[in-house]
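Reviewing the structure listed below.
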Amino acid sequence: MDLDFLKNIGGKEKNFDINMFREELANKLKEMEKKYTIDRFEGNIAICEERESGEIIEIPKDQLPENIKEGTILKKGKDGYEIDLLEEQEVQKRIKDKMDKLWD
């Protein structure tokens, strides 16, 4: 199904099913919420771990933003992958807090 809602409700698609549209839209939004941590690089491929499920995926480096490194957290936006600076800062703070507790 084409997610172009205006085209669909405009009658250009004869068999428009609102429930199917909502399900596909929910799936697309869920996909965009996924976050990945770069685990390592193998040649021109970034080996990434999906932060919630632990699933490992491979992403060609040419599809990723510049200035990435191991540990970079990515999120999938509408135009591809982008660095999630806020999530990275939160992770760094959690690690620092754990280290501080360890040495206290």
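Just remember, in the structure tokens the first chain shown is A, the second B, etc., residues are 1-based per chain, and ligands are 1-based in the order shown.
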
- prompt: If you count only C-alpha atoms, which residues fall within 10 Å of Leu85 of chain A, apart from same-chain ones fewer than 5 positions away, as a ChimeraX atom specification?
  reply: /A:72-75,90-91

Store the residues of this selection in a file with N, CA, C and O atoms, as a PDB file, in the first residue's frame.
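That gives us part03.pdb:
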```
ATOM      1  N   THR A  72      28.945   5.031  18.506  1.00  0.00           N
ATOM      2  CA  THR A  72      27.996   6.038  18.042  1.00  0.00           C
ATOM      3  C   THR A  72      26.590   5.439  18.030  1.00  0.00           C
ATOM      4  O   THR A  72      26.399   4.303  17.623  1.00  0.00           O
ATOM      5  N   ILE A  73      25.619   6.217  18.492  1.00  0.00           N
ATOM      6  CA  ILE A  73      24.230   5.769  18.491  1.00  0.00           C
ATOM      7  C   ILE A  73      23.521   6.435  17.327  1.00  0.00           C
ATOM      8  O   ILE A  73      23.586   7.652  17.144  1.00  0.00           O
ATOM      9  N   LEU A  74      22.855   5.599  16.547  1.00  0.00           N
ATOM     10  CA  LEU A  74      22.156   6.065  15.356  1.00  0.00           C
ATOM     11  C   LEU A  74      20.660   5.873  15.514  1.00  0.00           C
ATOM     12  O   LEU A  74      20.205   4.966  16.215  1.00  0.00           O
ATOM     13  N   LYS A  75      19.912   6.727  14.864  1.00  0.00           N
ATOM     14  CA  LYS A  75      18.480   6.504  14.736  1.00  0.00           C
ATOM     15  C   LYS A  75      18.147   6.637  13.258  1.00  0.00           C
ATOM     16  O   LYS A  75      18.834   7.327  12.503  1.00  0.00           O
ATOM     17  N   GLU A  90      23.067  10.617  27.199  1.00  0.00           N
ATOM     18  CA  GLU A  90      22.438   9.876  28.295  1.00  0.00           C
ATOM     19  C   GLU A  90      23.243   8.624  28.637  1.00  0.00           C
ATOM     20  O   GLU A  90      23.445   8.311  29.813  1.00  0.00           O
ATOM     21  N   VAL A  91      23.715   7.920  27.619  1.00  0.00           N
ATOM     22  CA  VAL A  91      24.526   6.716  27.838  1.00  0.00           C
ATOM     23  C   VAL A  91      25.831   7.089  28.525  1.00  0.00           C
ATOM     24  O   VAL A  91      26.248   6.427  29.484  1.00  0.00           O
TER      25      VAL A  91
END
```

- request: as a list in words, please: all residues of segment 24-100 of chain A that backbone DSSP puts in strand (DSSP E).
  value: Lys35, Tyr36, Thr37, Ile38, Asp39, Arg40, Phe41, Glu42, Ile45, Ala46, Ile47, Cys48, Glu49, Glu50, Ile56, Ile57, Glu58, Ile59, Pro60, Ile73, Leu74, Lys75, Lys76, Gly77, Gly80, Tyr81, Glu82 and Ile83 of chain A

Output file for the residues above (C-alpha atoms, as a CSV table (one decimal), in the first residue's frame):
```
chain,number,residue,atom,x,y,z
A,35,LYS,CA,18.1,3.0,17.6
A,36,TYR,CA,21.4,1.3,16.8
A,37,THR,CA,24.9,1.3,18.4
A,38,ILE,CA,27.9,0.9,16.1
A,39,ASP,CA,29.7,-2.1,17.5
A,40,ARG,CA,32.6,-2.2,15.0
A,41,PHE,CA,33.6,-1.6,11.4
A,42,GLU,CA,34.5,-4.4,8.9
A,45,ILE,CA,30.4,-1.9,6.7
A,46,ALA,CA,29.3,-0.8,10.1
A,47,ILE,CA,28.2,-3.7,12.3
A,48,CYS,CA,25.4,-2.3,14.5
A,49,GLU,CA,23.3,-3.6,17.3
A,50,GLU,CA,19.7,-2.6,17.6
A,56,ILE,CA,22.8,-7.2,14.6
A,57,ILE,CA,22.5,-5.4,11.3
A,58,GLU,CA,25.1,-4.4,8.7
A,59,ILE,CA,25.0,-0.9,7.3
A,60,PRO,CA,27.2,0.4,4.5
A,73,ILE,CA,24.2,5.8,18.5
A,74,LEU,CA,22.2,6.1,15.4
A,75,LYS,CA,18.5,6.5,14.7
A,76,LYS,CA,16.7,6.0,11.5
A,77,GLY,CA,15.1,9.1,10.1
A,80,GLY,CA,18.3,7.7,6.4
A,81,TYR,CA,20.4,7.3,9.5
A,82,GLU,CA,21.4,10.1,11.8
A,83,ILE,CA,23.5,10.4,15.0
```

statement: Expressed in Å, the length from atom CA of Gln92 of chain A to atom CA of Lys78 of chain A is 26.2 Å

- request: Compare A:Ile18, A:Asn67, A:Leu25, A:Lys34 by their minimum atom-to-atom distance to Glu55 of chain A, counting only C-alpha atoms, and give me the closest one.
  value: A:Lys34

task: Could you tell me how far atom CA of Phe21 of chain A lies from atom CA of Arg51 of chain A, in Å and to one decimal?
output: 27.4 Å

field: Point-to-point distance in Å for atom CA of Glu33 of chain A and atom CA of Pro65 of chain A
entry: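 The value is 17.6 Å.
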